>>> print(open('target-v4.cif').read())   # mmCIF, C-alpha atoms
data_coords
loop_
_atom_site.label_atom_id
_atom_site.label_comp_id
_atom_site.auth_asym_id
_atom_site.auth_seq_id
_atom_site.Cartn_x
_atom_site.Cartn_y
_atom_site.Cartn_z
CA MET A 1 -57.15 18.64 -8.29
CA GLY A 2 -55.16 17.60 -5.23
CA LYS A 3 -58.14 15.92 -3.57
CA THR A 4 -59.11 14.15 -6.78
CA LYS A 5 -55.55 12.90 -7.30
CA GLN A 6 -55.34 11.61 -3.71
CA GLU A 7 -58.72 9.86 -4.02
CA PHE A 8 -57.72 8.34 -7.37
CA MET A 9 -54.46 7.08 -5.89
CA ARG A 10 -56.37 5.62 -2.92
CA MET A 11 -58.78 3.85 -5.27
CA MET A 12 -55.91 2.55 -7.39
CA SER A 13 -54.18 1.22 -4.26
CA ARG A 14 -57.37 -0.70 -3.47
CA ILE A 15 -57.53 -2.03 -7.04
CA GLY A 16 -53.87 -3.02 -6.79
CA LYS A 17 -54.66 -4.98 -3.65
CA GLN A 18 -57.71 -6.64 -5.23
CA TRP A 19 -55.69 -7.60 -8.32
CA GLY A 20 -53.01 -9.15 -6.11
CA LEU A 21 -50.40 -6.52 -6.99
CA GLY A 22 -50.33 -4.86 -3.60
CA GLU A 23 -51.52 -1.47 -2.41
CA PRO A 24 -48.21 0.38 -2.95
CA VAL A 25 -47.97 -0.87 -6.53
CA GLY A 26 -51.53 0.27 -7.25
CA ARG A 27 -50.99 3.66 -5.62
CA ILE A 28 -47.74 4.32 -7.50
CA TRP A 29 -49.24 3.24 -10.81
CA GLY A 30 -52.29 5.42 -10.07
CA LEU A 31 -50.03 8.41 -9.50
CA LEU A 32 -48.20 7.84 -12.79
CA LEU A 33 -51.50 7.38 -14.65
CA PHE A 34 -52.99 10.51 -13.11
CA GLU A 35 -49.94 12.74 -13.61
CA GLY A 36 -49.28 11.68 -17.18
CA LEU A 37 -45.77 13.10 -16.70
CA PRO A 38 -42.52 11.30 -15.96
CA LEU A 39 -41.61 11.33 -12.26
CA SER A 40 -38.45 10.37 -10.41
CA GLN A 41 -38.39 7.75 -7.66
CA ARG A 42 -37.94 10.55 -5.11
CA GLU A 43 -40.97 12.47 -6.45
CA ILE A 44 -43.06 9.30 -6.41
CA ALA A 45 -42.05 8.58 -2.82
CA ARG A 46 -42.96 12.12 -1.77
CA GLU A 47 -46.32 12.13 -3.61
CA CYS A 48 -47.31 8.69 -2.28
CA ASN A 49 -45.94 9.31 1.21
CA TYR A 50 -43.78 6.18 0.92
CA SER A 51 -40.13 5.51 1.68
CA LEU A 52 -37.69 5.09 -1.19
CA SER A 53 -37.16 1.50 -0.04
CA LEU A 54 -40.87 0.77 -0.64
CA VAL A 55 -41.04 2.64 -3.95
CA SER A 56 -38.03 0.91 -5.52
CA PRO A 57 -39.39 -2.69 -5.57
CA SER A 58 -42.84 -1.40 -6.54
CA LEU A 59 -41.37 0.37 -9.57
CA ALA A 60 -39.40 -2.76 -10.48
CA PHE A 61 -42.60 -4.84 -10.29
CA LEU A 62 -44.59 -2.36 -12.40
CA GLU A 63 -41.75 -2.28 -14.93
CA LYS A 64 -41.61 -6.08 -15.09
CA MET A 65 -45.37 -6.16 -15.75
CA GLY A 66 -44.97 -3.64 -18.56
CA LEU A 67 -47.23 -1.07 -16.88
CA ILE A 68 -44.48 1.57 -16.55
CA SER A 69 -41.04 2.18 -17.98
CA VAL A 70 -38.06 4.44 -17.60
CA VAL A 71 -38.84 7.23 -20.03
CA GLY A 72 -35.85 9.49 -19.45
CA ARG A 73 -33.39 10.93 -16.97
CA ARG A 74 -33.08 14.10 -14.96
CA GLY A 75 -29.46 14.26 -13.96
CA LYS A 76 -28.70 10.89 -12.35
CA GLU A 77 -32.36 10.14 -11.55
CA ARG A 78 -34.43 7.89 -13.75
CA LEU A 79 -37.86 9.18 -14.74
CA TYR A 80 -40.79 6.75 -14.78
CA GLY A 81 -43.99 6.99 -16.79
CA ALA A 82 -47.09 4.84 -17.23
CA THR A 83 -46.92 2.85 -20.46
CA SER A 84 -50.21 0.96 -20.16
CA SER A 85 -53.70 2.28 -19.78
CA PHE A 86 -56.04 0.84 -17.19
CA LEU A 87 -57.80 -1.23 -19.85
CA GLU A 88 -54.50 -2.59 -21.21
CA ALA A 89 -53.43 -3.53 -17.67
CA PHE A 90 -56.75 -5.24 -17.03
CA GLU A 91 -56.26 -7.19 -20.25
CA LYS A 92 -52.74 -8.28 -19.22
CA ILE A 93 -53.78 -9.25 -15.70
CA LEU A 94 -56.83 -11.20 -16.85
CA GLY A 95 -54.77 -12.98 -19.52
CA ASN A 96 -52.06 -13.86 -17.00
CA PHE A 97 -54.67 -15.04 -14.47
CA VAL A 98 -56.22 -17.41 -17.00
CA GLN A 99 -52.86 -18.69 -18.22
CA LEU A 100 -51.13 -19.03 -14.85
CA SER A 101 -54.00 -19.91 -12.53
CA VAL A 102 -57.04 -21.31 -14.33
CA GLU A 103 -55.46 -23.40 -17.10
CA PRO A 104 -53.13 -25.27 -14.68
CA VAL A 105 -56.16 -26.25 -12.58
CA ILE A 106 -57.84 -27.71 -15.68
CA GLU A 107 -54.66 -29.65 -16.51
CA LEU A 108 -54.30 -30.96 -12.95
CA LEU A 109 -57.93 -32.08 -12.67
CA SER A 110 -57.90 -33.61 -16.17
CA LYS A 111 -54.96 -35.83 -15.19
CA ALA A 112 -56.61 -36.77 -11.89
CA LYS A 113 -59.85 -37.60 -13.70
CA GLU A 114 -58.10 -40.20 -15.85
CA ALA A 115 -57.07 -42.16 -12.74
CA GLY A 116 -60.34 -41.84 -10.86
CA ASN A 117 -63.36 -44.09 -10.47
CA GLU A 118 -66.70 -43.27 -12.18
CA HIS A 119 -67.97 -41.10 -9.28
CA THR A 120 -64.71 -39.16 -9.12
CA LYS A 121 -64.57 -38.77 -12.91
CA LYS A 122 -68.07 -37.29 -13.00
CA LYS A 123 -67.36 -34.92 -10.09
CA LEU A 124 -64.07 -33.75 -11.64
CA GLU A 125 -65.67 -33.36 -15.08
CA ASN A 126 -68.21 -30.92 -13.58
CA ILE A 127 -65.44 -28.89 -11.95
CA ILE A 128 -63.32 -28.96 -15.13
CA ASN A 129 -66.28 -27.74 -17.19
CA GLU A 130 -66.76 -24.76 -14.85
CA TYR A 131 -63.10 -23.82 -15.26
CA LYS A 132 -63.32 -24.28 -19.04
CA LYS A 133 -66.33 -21.96 -19.13
CA ALA A 134 -64.32 -19.39 -17.20
CA VAL A 135 -61.49 -19.67 -19.75
CA ILE A 136 -63.87 -19.35 -22.70
CA LEU A 137 -65.64 -16.32 -21.20
CA SER A 138 -62.33 -14.73 -20.21
CA ASN A 139 -60.95 -15.26 -23.71
CA PHE A 140 -64.11 -13.74 -25.19
CA PHE A 141 -63.76 -10.75 -22.88
CA LEU A 142 -60.07 -10.40 -23.78
CA TRP A 143 -60.96 -10.52 -27.48
CA LEU A 144 -63.65 -7.90 -26.89
CA ILE A 145 -61.17 -5.63 -25.12
CA LYS A 146 -58.61 -6.00 -27.92
CA THR A 147 -61.06 -5.41 -30.75
CA LYS A 148 -63.01 -2.63 -29.08
CA ARG A 149 -60.09 -0.77 -27.43
CA ALA A 150 -59.92 1.79 -30.24
CA LEU A 151 -63.58 2.75 -29.88
CA THR A 152 -64.74 5.71 -27.85
CA VAL A 153 -67.11 5.04 -24.94
CA LYS A 154 -70.05 6.31 -27.05
CA GLN A 155 -69.09 4.05 -29.96
CA LEU A 156 -68.70 1.03 -27.66
CA ILE A 157 -72.12 1.66 -26.07
CA LYS A 158 -73.62 1.95 -29.57
CA VAL A 159 -72.09 -1.41 -30.60
CA LEU A 160 -73.29 -3.08 -27.41
CA LYS A 161 -76.78 -1.58 -27.82
CA MET A 162 -76.97 -3.08 -31.30
CA HIS A 163 -76.58 -6.47 -29.69
CA ASP A 164 -78.80 -5.59 -26.69
CA VAL A 165 -75.82 -6.27 -24.42
CA TYR A 166 -75.62 -2.79 -22.92
CA ALA A 167 -79.22 -2.81 -21.63
CA ARG A 168 -78.81 -6.27 -20.10
CA THR A 169 -75.50 -5.48 -18.41
CA LYS A 170 -76.79 -2.14 -17.14
CA LYS A 171 -79.88 -3.80 -15.61
CA ALA A 172 -77.86 -6.68 -14.17
CA SER A 173 -75.54 -4.33 -12.30
CA TYR A 174 -73.00 -7.07 -11.55
CA GLN A 175 -75.62 -9.65 -10.60
CA THR A 176 -75.34 -13.16 -11.94
CA PRO A 177 -77.56 -13.51 -15.00
CA VAL A 178 -80.23 -16.20 -15.09
CA VAL A 179 -79.89 -18.38 -18.18
#
>>> encode(input="target-v4.cif", output="structure tokens")
Amino acid sequence: MGKTKQEFMRMMSRIGKQWGLGEPVGRIWGLLLFEGLPLSQREIARECNYSLSLVSPSLAFLEKMGLISVVGRRGKERLYGATSSFLEAFEKILGNFVQLSVEPVIELLSKAKEAGNEHTKKKLENIINEYKKAVILSNFFLWLIKTKRALTVKQLIKVLKMHDVYARTKKASYQTPVV
């Protein structure tokens, strides 16, 4: 299991970087997800091959995001455990991205559109509509995650097959669909 754990932690560090959390944050969270047991800061540092000074702010960040928490103590050491699944974290990060990054762009461009000439208004309206579509699709996906979280993978595939979504997404394989 050692190789699998190391590979999982490496993959989670990459995901952490892609999500804008940072590689150490992803790696530490990956360790806590994989272990499923509370670990001390010292144990986390040893397992991740990080210094305590790198682990400490990473744990604080993960705690602030609600992905981990202090779940107990061993002597004077705090023990940390993952409190959010990968899907729950994805839901939080996507929701925060929409709220903190996409919606402010819509607000900014909407105000600028009011003051612009006809050409500028039309150009900004097209951009605003793209961002609004992203919000609508993100909100739909967030709703889907929330309502389908309790289903098993088999049950979710069955639901998606009923709506012919599974076959289309499987064929698309992350390619942009043609509408």
>>> atom_distance(input="target-v4.cif", atom1="CA of Phe140 in chain A", atom2="CA of Arg27 in chain A")
29.3 Å
>>> residues_near_point(input="target-v4.cif", point="(-54.5, 2.4, -17.7)", cutoff="10 Å", atoms="all atoms listed in the file", output="ChimeraX atom specification")
/A:29-30,32-34,67,82-90
>>> atom_distance(input="target-v4.cif", atom1="CA of Leu160 in chain A", atom2="CA of Leu94 in chain A")
21.2 Å
>>> atom_distance(input="target-v4.cif", atom1="CA of Ile68 in chain A", atom2="CA of Leu39 in chain A")
11.0 Å
>>> resolve_selection(input="target-v4.cif", expression="the PyMOL selection byres ((chain A and resi 38) around 7)", output="PDB file with C-alpha atoms, in the coordinates of the input")
ATOM      1  CA  GLY A  36     -49.280  11.680 -17.180  1.00  0.00           C
ATOM      2  CA  LEU A  37     -45.770  13.100 -16.700  1.00  0.00           C
ATOM      3  CA  LEU A  39     -41.610  11.330 -12.260  1.00  0.00           C
ATOM      4  CA  SER A  40     -38.450  10.370 -10.410  1.00  0.00           C
ATOM      5  CA  VAL A  71     -38.840   7.230 -20.030  1.00  0.00           C
ATOM      6  CA  LEU A  79     -37.860   9.180 -14.740  1.00  0.00           C
ATOM      7  CA  TYR A  80     -40.790   6.750 -14.780  1.00  0.00           C
ATOM      8  CA  GLY A  81     -43.990   6.990 -16.790  1.00  0.00           C
TER       9      GLY A  81
END
>>> decode(input="target-v4.cif", residues="range 54-97 of chain A", atoms="N, CA and C atoms", output="PDB file, in the first residue's frame")
ATOM      1  N   LEU A  54       6.325  24.116   6.963  1.00  0.00           N
ATOM      2  CA  LEU A  54       5.491  24.071   5.756  1.00  0.00           C
ATOM      3  C   LEU A  54       4.143  23.430   6.080  1.00  0.00           C
ATOM      4  N   VAL A  55       4.149  22.450   6.957  1.00  0.00           N
ATOM      5  CA  VAL A  55       2.923  21.734   7.299  1.00  0.00           C
ATOM      6  C   VAL A  55       1.960  22.631   8.078  1.00  0.00           C
ATOM      7  N   SER A  56       2.462  23.423   8.997  1.00  0.00           N
ATOM      8  CA  SER A  56       1.614  24.239   9.859  1.00  0.00           C
ATOM      9  C   SER A  56       0.669  25.164   9.084  1.00  0.00           C
ATOM     10  N   PRO A  57       1.167  26.005   8.157  1.00  0.00           N
ATOM     11  CA  PRO A  57       0.224  26.870   7.432  1.00  0.00           C
ATOM     12  C   PRO A  57      -0.701  26.086   6.497  1.00  0.00           C
ATOM     13  N   SER A  58      -0.220  24.955   5.999  1.00  0.00           N
ATOM     14  CA  SER A  58      -1.070  24.119   5.139  1.00  0.00           C
ATOM     15  C   SER A  58      -2.240  23.553   5.932  1.00  0.00           C
ATOM     16  N   LEU A  59      -1.968  23.102   7.157  1.00  0.00           N
ATOM     17  CA  LEU A  59      -3.039  22.599   8.015  1.00  0.00           C
ATOM     18  C   LEU A  59      -4.025  23.716   8.354  1.00  0.00           C
ATOM     19  N   ALA A  60      -3.496  24.908   8.644  1.00  0.00           N
ATOM     20  CA  ALA A  60      -4.372  26.046   8.962  1.00  0.00           C
ATOM     21  C   ALA A  60      -5.277  26.371   7.771  1.00  0.00           C
ATOM     22  N   PHE A  61      -4.721  26.328   6.566  1.00  0.00           N
ATOM     23  CA  PHE A  61      -5.503  26.605   5.356  1.00  0.00           C
ATOM     24  C   PHE A  61      -6.589  25.546   5.155  1.00  0.00           C
ATOM     25  N   LEU A  62      -6.217  24.270   5.285  1.00  0.00           N
ATOM     26  CA  LEU A  62      -7.185  23.184   5.132  1.00  0.00           C
ATOM     27  C   LEU A  62      -8.290  23.272   6.184  1.00  0.00           C
ATOM     28  N   GLU A  63      -7.904  23.671   7.392  1.00  0.00           N
ATOM     29  CA  GLU A  63      -8.885  23.830   8.472  1.00  0.00           C
ATOM     30  C   GLU A  63      -9.849  24.972   8.152  1.00  0.00           C
ATOM     31  N   LYS A  64      -9.299  26.080   7.675  1.00  0.00           N
ATOM     32  CA  LYS A  64     -10.118  27.252   7.325  1.00  0.00           C
ATOM     33  C   LYS A  64     -11.124  26.911   6.215  1.00  0.00           C
ATOM     34  N   MET A  65     -10.699  26.049   5.284  1.00  0.00           N
ATOM     35  CA  MET A  65     -11.582  25.638   4.188  1.00  0.00           C
ATOM     36  C   MET A  65     -12.606  24.597   4.624  1.00  0.00           C
ATOM     37  N   GLY A  66     -12.443  24.057   5.809  1.00  0.00           N
ATOM     38  CA  GLY A  66     -13.372  23.050   6.306  1.00  0.00           C
ATOM     39  C   GLY A  66     -13.099  21.655   5.766  1.00  0.00           C
ATOM     40  N   LEU A  67     -11.891  21.437   5.233  1.00  0.00           N
ATOM     41  CA  LEU A  67     -11.561  20.129   4.673  1.00  0.00           C
ATOM     42  C   LEU A  67     -10.963  19.185   5.716  1.00  0.00           C
ATOM     43  N   ILE A  68     -10.404  19.759   6.790  1.00  0.00           N
ATOM     44  CA  ILE A  68      -9.872  18.977   7.905  1.00  0.00           C
ATOM     45  C   ILE A  68     -10.258  19.671   9.199  1.00  0.00           C
ATOM     46  N   SER A  69     -10.072  18.968  10.305  1.00  0.00           N
ATOM     47  CA  SER A  69     -10.270  19.599  11.610  1.00  0.00           C
ATOM     48  C   SER A  69      -9.413  18.872  12.640  1.00  0.00           C
ATOM     49  N   VAL A  70      -9.265  19.523  13.768  1.00  0.00           N
ATOM     50  CA  VAL A  70      -8.596  18.884  14.897  1.00  0.00           C
ATOM     51  C   VAL A  70      -9.621  17.920  15.483  1.00  0.00           C
ATOM     52  N   VAL A  71      -9.262  16.659  15.520  1.00  0.00           N
ATOM     53  CA  VAL A  71     -10.216  15.635  15.953  1.00  0.00           C
ATOM     54  C   VAL A  71      -9.851  15.018  17.306  1.00  0.00           C
ATOM     55  N   GLY A  72      -8.762  15.481  17.891  1.00  0.00           N
ATOM     56  CA  GLY A  72      -8.357  14.960  19.183  1.00  0.00           C
ATOM     57  C   GLY A  72      -6.960  15.422  19.540  1.00  0.00           C
ATOM     58  N   ARG A  73      -6.437  14.819  20.602  1.00  0.00           N
ATOM     59  CA  ARG A  73      -5.082  15.147  21.062  1.00  0.00           C
ATOM     60  C   ARG A  73      -4.388  13.857  21.461  1.00  0.00           C
ATOM     61  N   ARG A  74      -3.086  13.881  21.281  1.00  0.00           N
ATOM     62  CA  ARG A  74      -2.217  12.822  21.797  1.00  0.00           C
ATOM     63  C   ARG A  74      -1.149  13.546  22.594  1.00  0.00           C
ATOM     64  N   GLY A  75      -1.323  13.552  23.894  1.00  0.00           N
ATOM     65  CA  GLY A  75      -0.444  14.359  24.730  1.00  0.00           C
ATOM     66  C   GLY A  75      -0.700  15.827  24.417  1.00  0.00           C
ATOM     67  N   LYS A  76       0.380  16.553  24.065  1.00  0.00           N
ATOM     68  CA  LYS A  76       0.243  17.972  23.720  1.00  0.00           C
ATOM     69  C   LYS A  76      -0.026  18.189  22.235  1.00  0.00           C
ATOM     70  N   GLU A  77       0.105  17.124  21.432  1.00  0.00           N
ATOM     71  CA  GLU A  77      -0.046  17.261  19.983  1.00  0.00           C
ATOM     72  C   GLU A  77      -1.506  17.175  19.559  1.00  0.00           C
ATOM     73  N   ARG A  78      -1.880  18.070  18.670  1.00  0.00           N
ATOM     74  CA  ARG A  78      -3.203  18.014  18.070  1.00  0.00           C
ATOM     75  C   ARG A  78      -3.210  16.930  16.993  1.00  0.00           C
ATOM     76  N   LEU A  79      -4.341  16.268  16.843  1.00  0.00           N
ATOM     77  CA  LEU A  79      -4.506  15.257  15.802  1.00  0.00           C
ATOM     78  C   LEU A  79      -5.490  15.785  14.765  1.00  0.00           C
ATOM     79  N   TYR A  80      -5.105  15.673  13.497  1.00  0.00           N
ATOM     80  CA  TYR A  80      -5.905  16.202  12.394  1.00  0.00           C
ATOM     81  C   TYR A  80      -6.523  15.059  11.603  1.00  0.00           C
ATOM     82  N   GLY A  81      -7.728  15.280  11.131  1.00  0.00           N
ATOM     83  CA  GLY A  81      -8.407  14.300  10.293  1.00  0.00           C
ATOM     84  C   GLY A  81      -9.176  15.003   9.182  1.00  0.00           C
ATOM     85  N   ALA A  82      -9.342  14.318   8.062  1.00  0.00           N
ATOM     86  CA  ALA A  82     -10.130  14.856   6.946  1.00  0.00           C
ATOM     87  C   ALA A  82     -11.596  14.874   7.355  1.00  0.00           C
ATOM     88  N   THR A  83     -12.264  15.981   7.087  1.00  0.00           N
ATOM     89  CA  THR A  83     -13.682  16.108   7.437  1.00  0.00           C
ATOM     90  C   THR A  83     -14.559  16.237   6.197  1.00  0.00           C
ATOM     91  N   SER A  84     -13.936  16.379   5.034  1.00  0.00           N
ATOM     92  CA  SER A  84     -14.685  16.490   3.785  1.00  0.00           C
ATOM     93  C   SER A  84     -14.171  15.460   2.804  1.00  0.00           C
ATOM     94  N   SER A  85     -15.097  14.856   2.099  1.00  0.00           N
ATOM     95  CA  SER A  85     -14.717  13.932   1.038  1.00  0.00           C
ATOM     96  C   SER A  85     -14.227  14.740  -0.158  1.00  0.00           C
ATOM     97  N   PHE A  86     -13.691  14.054  -1.131  1.00  0.00           N
ATOM     98  CA  PHE A  86     -13.238  14.715  -2.350  1.00  0.00           C
ATOM     99  C   PHE A  86     -14.405  15.426  -3.038  1.00  0.00           C
ATOM    100  N   LEU A  87     -15.540  14.764  -3.112  1.00  0.00           N
ATOM    101  CA  LEU A  87     -16.711  15.349  -3.772  1.00  0.00           C
ATOM    102  C   LEU A  87     -17.212  16.583  -3.019  1.00  0.00           C
ATOM    103  N   GLU A  88     -17.226  16.522  -1.693  1.00  0.00           N
ATOM    104  CA  GLU A  88     -17.637  17.679  -0.901  1.00  0.00           C
ATOM    105  C   GLU A  88     -16.677  18.851  -1.103  1.00  0.00           C
ATOM    106  N   ALA A  89     -15.381  18.545  -1.176  1.00  0.00           N
ATOM    107  CA  ALA A  89     -14.388  19.605  -1.400  1.00  0.00           C
ATOM    108  C   ALA A  89     -14.567  20.214  -2.781  1.00  0.00           C
ATOM    109  N   PHE A  90     -14.799  19.377  -3.773  1.00  0.00           N
ATOM    110  CA  PHE A  90     -15.023  19.870  -5.133  1.00  0.00           C
ATOM    111  C   PHE A  90     -16.237  20.795  -5.161  1.00  0.00           C
ATOM    112  N   GLU A  91     -17.274  20.405  -4.435  1.00  0.00           N
ATOM    113  CA  GLU A  91     -18.476  21.223  -4.349  1.00  0.00           C
ATOM    114  C   GLU A  91     -18.167  22.585  -3.716  1.00  0.00           C
ATOM    115  N   LYS A  92     -17.426  22.594  -2.618  1.00  0.00           N
ATOM    116  CA  LYS A  92     -17.063  23.844  -1.936  1.00  0.00           C
ATOM    117  C   LYS A  92     -16.210  24.734  -2.841  1.00  0.00           C
ATOM    118  N   ILE A  93     -15.226  24.142  -3.484  1.00  0.00           N
ATOM    119  CA  ILE A  93     -14.301  24.918  -4.314  1.00  0.00           C
ATOM    120  C   ILE A  93     -15.018  25.486  -5.529  1.00  0.00           C
ATOM    121  N   LEU A  94     -15.859  24.687  -6.165  1.00  0.00           N
ATOM    122  CA  LEU A  94     -16.611  25.188  -7.319  1.00  0.00           C
ATOM    123  C   LEU A  94     -17.565  26.302  -6.893  1.00  0.00           C
ATOM    124  N   GLY A  95     -18.249  26.104  -5.768  1.00  0.00           N
ATOM    125  CA  GLY A  95     -19.160  27.145  -5.269  1.00  0.00           C
ATOM    126  C   GLY A  95     -18.428  28.435  -4.952  1.00  0.00           C
ATOM    127  N   ASN A  96     -17.278  28.316  -4.295  1.00  0.00           N
ATOM    128  CA  ASN A  96     -16.474  29.510  -3.987  1.00  0.00           C
ATOM    129  C   ASN A  96     -15.955  30.174  -5.252  1.00  0.00           C
ATOM    130  N   PHE A  97     -15.545  29.382  -6.226  1.00  0.00           N
ATOM    131  CA  PHE A  97     -15.044  29.936  -7.491  1.00  0.00           C
ATOM    132  C   PHE A  97     -16.131  30.770  -8.178  1.00  0.00           C
TER     133      PHE A  97
END
